[in-house]
Each structure stands twice: as structure tokens, then as C-alpha cells.
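Source file my_file.json; content: JSON, C-alpha atoms.
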```json
[["chain", "number", "residue", "atom", "x", "y", "z"],
["A", 106, "MET", "CA", -201.61, 77.01, 202.39],
["A", 107, "ASN", "CA", -198.81, 76.72, 199.81],
["A", 108, "GLN", "CA", -199.75, 78.35, 196.46],
["A", 109, "GLU", "CA", -197.79, 78.69, 193.23],
["A", 110, "ASN", "CA", -198.78, 80.17, 189.86],
["A", 111, "LYS", "CA", -196.85, 79.50, 186.65],
["A", 112, "THR", "CA", -197.01, 80.86, 183.14],
["A", 113, "LEU", "CA", -194.43, 79.29, 180.84],
["A", 114, "LYS", "CA", -192.72, 81.66, 178.42],
["A", 115, "ASP", "CA", -192.02, 78.90, 175.86],
["A", 116, "ARG", "CA", -195.71, 77.98, 175.51],
["A", 117, "ALA", "CA", -198.61, 79.81, 173.90],
["A", 118, "LEU", "CA", -199.37, 82.58, 176.38],
["A", 119, "PRO", "CA", -202.81, 82.71, 178.02],
["A", 120, "LEU", "CA", -205.32, 84.85, 176.15],
["A", 121, "GLY", "CA", -206.29, 86.59, 179.40],
["A", 122, "LYS", "CA", -204.99, 87.37, 182.87],
["A", 123, "TYR", "CA", -204.62, 83.86, 184.29],
["A", 124, "PRO", "CA", -201.76, 81.39, 184.77],
["A", 125, "HIS", "CA", -201.19, 78.21, 182.82],
["A", 126, "VAL", "CA", -200.92, 76.27, 186.07],
["A", 127, "LYS", "CA", -201.87, 76.91, 189.69],
["A", 128, "ARG", "CA", -200.80, 74.71, 192.58],
["A", 129, "VAL", "CA", -202.71, 74.98, 195.84],
["A", 130, "GLY", "CA", -201.44, 72.55, 198.46],
["A", 131, "ASN", "CA", -201.53, 69.08, 196.90],
["A", 132, "PHE", "CA", -203.77, 70.10, 194.02],
["A", 133, "ILE", "CA", -202.66, 71.39, 190.63],
["A", 134, "PHE", "CA", -205.14, 73.11, 188.32],
["A", 135, "VAL", "CA", -204.31, 73.55, 184.63],
["A", 136, "SER", "CA", -206.19, 76.24, 182.70],
["A", 137, "GLY", "CA", -207.96, 75.29, 179.50],
["A", 138, "THR", "CA", -205.31, 74.03, 177.09],
["A", 139, "SER", "CA", -205.51, 73.70, 173.32],
["A", 140, "SER", "CA", -203.24, 72.74, 170.43],
["A", 141, "ARG", "CA", -202.05, 76.35, 170.09],
["A", 142, "ARG", "CA", -198.31, 76.70, 169.55],
["A", 143, "PRO", "CA", -196.13, 79.52, 170.97],
["A", 144, "ASP", "CA", -196.35, 81.33, 167.61],
["A", 145, "ASN", "CA", -200.18, 81.20, 167.87],
["A", 146, "SER", "CA", -200.56, 78.68, 165.04],
["A", 147, "HIS", "CA", -202.34, 75.42, 165.80],
["A", 148, "GLU", "CA", -201.30, 71.78, 165.55],
["A", 149, "GLY", "CA", -203.75, 69.59, 163.65],
["A", 150, "VAL", "CA", -204.62, 72.33, 161.15],
["A", 151, "GLU", "CA", -203.80, 72.17, 157.46],
["A", 152, "ILE", "CA", -204.45, 75.26, 155.35],
["A", 153, "HIS", "CA", -204.64, 74.36, 151.67],
["A", 154, "PRO", "CA", -203.54, 76.60, 148.75],
["A", 155, "ASP", "CA", -207.19, 77.32, 147.91],
["A", 156, "GLY", "CA", -207.75, 78.64, 151.45],
["A", 157, "SER", "CA", -209.76, 75.65, 152.66],
["A", 158, "VAL", "CA", -208.86, 74.22, 156.05],
["A", 159, "THR", "CA", -208.66, 70.63, 157.27],
["A", 160, "LEU", "CA", -208.84, 70.09, 161.04],
["A", 161, "ASP", "CA", -207.61, 66.85, 162.64],
["A", 162, "ILE", "CA", -209.12, 65.93, 166.03],
["A", 163, "LYS", "CA", -206.58, 63.16, 166.61],
["A", 164, "LYS", "CA", -203.56, 65.43, 166.10],
["A", 165, "GLN", "CA", -205.14, 68.18, 168.19],
["A", 166, "THR", "CA", -206.02, 65.79, 171.03],
["A", 167, "LYS", "CA", -202.50, 64.35, 171.15],
["A", 168, "VAL", "CA", -200.89, 67.79, 171.29],
["A", 169, "VAL", "CA", -203.36, 69.04, 173.91],
["A", 170, "ILE", "CA", -202.44, 66.13, 176.21],
["A", 171, "GLN", "CA", -198.73, 66.66, 175.51],
["A", 172, "ASN", "CA", -199.10, 70.39, 176.25],
["A", 173, "ILE", "CA", -200.86, 69.57, 179.53],
["A", 174, "ASN", "CA", -198.04, 67.18, 180.46],
["A", 175, "THR", "CA", -195.45, 69.92, 179.76],
["A", 176, "LEU", "CA", -197.37, 72.34, 181.97],
["A", 177, "LEU", "CA", -197.62, 69.77, 184.76],
["A", 178, "GLU", "CA", -193.91, 68.92, 184.48],
["A", 179, "SER", "CA", -193.09, 72.59, 185.03],
["A", 180, "ILE", "CA", -194.53, 72.26, 188.51],
["A", 181, "GLY", "CA", -193.19, 68.81, 189.39],
["A", 182, "ALA", "CA", -196.03, 66.57, 188.16],
["A", 183, "SER", "CA", -197.17, 64.76, 185.01],
["A", 184, "ILE", "CA", -200.32, 63.37, 183.44],
["A", 185, "ASP", "CA", -199.84, 60.36, 185.76],
["A", 186, "ASN", "CA", -200.97, 62.69, 188.57],
["A", 187, "LEU", "CA", -204.27, 63.64, 186.92],
["A", 188, "VAL", "CA", -207.42, 63.04, 188.93],
["A", 189, "ASP", "CA", -209.98, 64.82, 186.74],
["A", 190, "VAL", "CA", -210.23, 65.90, 183.10],
["A", 191, "THR", "CA", -212.84, 68.14, 181.52],
["A", 192, "THR", "CA", -212.85, 68.17, 177.73],
["A", 193, "PHE", "CA", -214.62, 70.67, 175.51],
["A", 194, "LEU", "CA", -215.35, 69.54, 171.93],
["A", 195, "VAL", "CA", -216.80, 71.85, 169.31],
["A", 196, "ASN", "CA", -218.48, 68.88, 167.64],
["A", 197, "MET", "CA", -219.46, 65.58, 169.26],
["A", 198, "GLU", "CA", -218.84, 63.93, 165.90],
["A", 199, "ASP", "CA", -215.16, 64.22, 166.90],
["A", 200, "PHE", "CA", -215.73, 62.17, 170.08],
["A", 201, "LYS", "CA", -214.58, 58.87, 168.53],
["A", 202, "GLY", "CA", -211.24, 60.26, 167.30],
["A", 203, "TYR", "CA", -210.67, 62.13, 170.56],
["A", 204, "ASN", "CA", -211.54, 59.06, 172.62],
["A", 205, "GLU", "CA", -209.15, 56.89, 170.57],
["A", 206, "VAL", "CA", -206.18, 59.18, 171.19],
["A", 207, "TYR", "CA", -207.15, 59.71, 174.84],
["A", 208, "GLY", "CA", -206.97, 55.92, 175.26],
["A", 209, "GLU", "CA", -203.32, 55.97, 174.15],
["A", 210, "PHE", "CA", -202.51, 57.98, 177.29],
["A", 211, "PHE", "CA", -205.01, 56.67, 179.88],
["A", 212, "ASP", "CA", -206.87, 53.51, 180.82],
["A", 213, "HIS", "CA", -209.75, 52.73, 183.23],
["A", 214, "THR", "CA", -207.50, 53.49, 186.22],
["A", 215, "GLY", "CA", -206.80, 57.03, 184.97],
["A", 216, "PRO", "CA", -208.53, 60.27, 185.86],
["A", 217, "THR", "CA", -212.27, 60.81, 185.97],
["A", 218, "ARG", "CA", -213.50, 62.56, 182.85],
["A", 219, "THR", "CA", -216.31, 64.72, 181.56],
["A", 220, "THR", "CA", -216.66, 65.60, 177.87],
["A", 221, "VAL", "CA", -219.05, 68.30, 176.72],
["A", 222, "ALA", "CA", -219.89, 69.92, 173.42],
["A", 223, "VAL", "CA", -219.52, 73.69, 173.22],
["A", 224, "LYS", "CA", -220.66, 76.15, 170.58],
["A", 225, "GLU", "CA", -217.14, 77.40, 169.89],
["A", 226, "LEU", "CA", -213.64, 77.84, 171.29],
["A", 227, "PRO", "CA", -211.42, 80.97, 171.17],
["A", 228, "HIS", "CA", -210.21, 80.25, 167.61],
["A", 229, "PRO", "CA", -212.11, 78.66, 164.69],
["A", 230, "ASN", "CA", -209.24, 76.19, 164.08],
["A", 231, "LEU", "CA", -209.67, 74.64, 167.51],
["A", 232, "LEU", "CA", -211.70, 71.44, 167.82],
["A", 233, "ILE", "CA", -210.77, 70.66, 171.45],
["A", 234, "GLU", "CA", -209.73, 72.23, 174.73],
["A", 235, "MET", "CA", -209.06, 70.43, 177.99],
["A", 236, "LYS", "CA", -208.73, 71.57, 181.59],
["A", 237, "VAL", "CA", -207.44, 69.25, 184.27],
["A", 238, "ILE", "CA", -206.88, 68.78, 187.98],
["A", 239, "ALA", "CA", -203.91, 66.82, 189.30],
["A", 240, "MET", "CA", -202.85, 65.84, 192.80],
["A", 241, "VAL", "CA", -199.32, 65.38, 194.13],
["A", 242, "ALA", "CA", -197.72, 64.70, 197.50],
["A", 243, "GLU", "CA", -197.17, 67.87, 199.56]]
```

In C-alpha cells, write the structure found in this file.
Amino acid sequence: MNQENKTLKDRALPLGKYPHVKRVGNFIFVSGTSSRRPDNSHEGVEIHPDGSVTLDIKKQTKVVIQNINTLLESIGASIDNLVDVTTFLVNMEDFKGYNEVYGEFFDHTGPTRTTVAVKELPHPNLLIEMKVIAMVAE
């Protein structure tokens, strides 16, 4: 079976030994993706002069979906090819904002979706991480 692994050099590198994207036959699997930038800062994070931090679920969600699309495009697909999305939220109070932005990209004909709350993600500035499965023609 045809397999391909990709790690993009112009994206935030994985925090472990795994690829950004793996294609196996017609299926494409994208590793958990956040709003982390290549320089390891995060979109949707504002650090104030007094050291306090404001986190924006809408900005983070938008960038996560855009990052996923970039990863999919690197392997000949896009978010239009998604069949399943799993979303991890640190706080279910962010569900409404996340859901609103998600709806800007997908409708009821889009991928299946599961959203779960998790205790934490790899960085305290992260509110959301998504992993997806896409399918393309062979």
C-alpha cells in the first residue's frame, strides 16, 4: 500500500518523533495541530505589559484550521477532503466560540466531528488542538 510521511520545514515542528501528515492509500492523517507558529509562539495569545495573558479561542480555532489546510495541501488535499475531525478543548466554556469559527469553514455536509475537553495541552497558551482524517482519490 502507498505510504507517505511529511514534516513541513516552514511550520512549527512536531514536539516528538512523528510526521505532520501521513498518507496511507486514500487516507490522510494529520497529527494534532495547534495555533503554534514556526517560531514557537502562538496565534490568539496576547501577553500584556503586566505579564497577564489573554487567550482567544476564535483566533486559535481559525489558525488551527488554516494550519491543517496547509498541511493537507502539502500532500495534495485540502479541508474539503476531511472526513473526520477530533477537537481537544482545554475548557468547554470555549465551545461556543470554537463552534462559531468552525461553522465558517464547514456546514452539515462536512466531516464528522468529536469535541472533547482535556485537562491540558502541551503549552499553557493553547486552548485548542485538532487532529483530522481526510480521504482523497488514489

- [ ] Could you give me, as a list in words, the residues within 10 Å of segment 181-191 of chain A, counting all atoms listed in the file and dropping anything in the same chain fewer than 6 positions from it?
- [x]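 Listing them by chain and then by number gives Phe132, Ile133, Phe134, Val135, Gly137, Ile170, Gln171, Ile173, Asn174, Thr175, Phe210, Phe211, Thr214, Gly215, Pro216, Thr217, Arg218, Thr219, Thr220, Val221, Glu234, Met235, Lys236, Val237, Ile238, Ala239, Met240, Val241 and Ala242 of chain A.
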
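With atom CA of Leu226 of chain A on one side and atom CA of Val129 of chain A on the other, the separation reads 27.0 Å.
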
Open item on the list: Set the distance at 8 Å and use all atoms listed in the file: which residues neighbour Asn172 of chain A once local chain neighbours fewer than 4 positions away are removed? I'd like the list as a ChimeraX atom specification.
Closed with: /A:138-140,168,176

Task: Answer as JSON, numbers by chain, residues within 12 Å of (-210.4, 80.6, 167.2) using all atoms listed in the file - done: {"A": [120, 139, 140, 141, 145, 146, 147, 150, 195, 224, 225, 226, 227, 228, 229, 230, 231, 232, 233, 234]}

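If you look at atom CA of Leu160 of chain A and atom CA of Glu148 of chain A, they are 8.9 Å away from each other.
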
Quick one: what's the axis-aligned box for segment 164-179 of chain A, all listed atoms, 4 Å on every side, centre and edges in Å to one decimal, as AutoDock Vina command-line options?
```
--center_x -199.6 --center_y 68.5 --center_z 175.6 --size_x 20.9 --size_y 16.2 --size_z 26.9
```

Open item on the list: For a test of reading the model, state the distance in Å between atom CA of Val158 of chain A and atom CA of Leu113 of chain A, rounded to one decimal.
Closed with: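 Rounded to one decimal, the two atoms are 29.1 Å apart.
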
Task: Selected residue of minimal separation from Gly202 of chain A among A:Leu118, A:Val169, A:Asp161, A:Leu177, counting all atoms listed in the file - done: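 Looking at the shortest contact to Gly202 of chain A, the residue is A:Asp161.
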
TODO: Check the smallest atom-to-atom distance from each of A:Glu109, A:Asp199, A:Asp144, A:Glu151 to His125 of chain A using all atoms listed in the file, then report the winner.
DONE: A:Glu109

Task: Residue contacts of Lys111 of chain A (8 Å, all atoms listed in the file) excluding same-chain residues fewer than 5 positions away, as a ChimeraX atom specification - done: /A:124-127,180
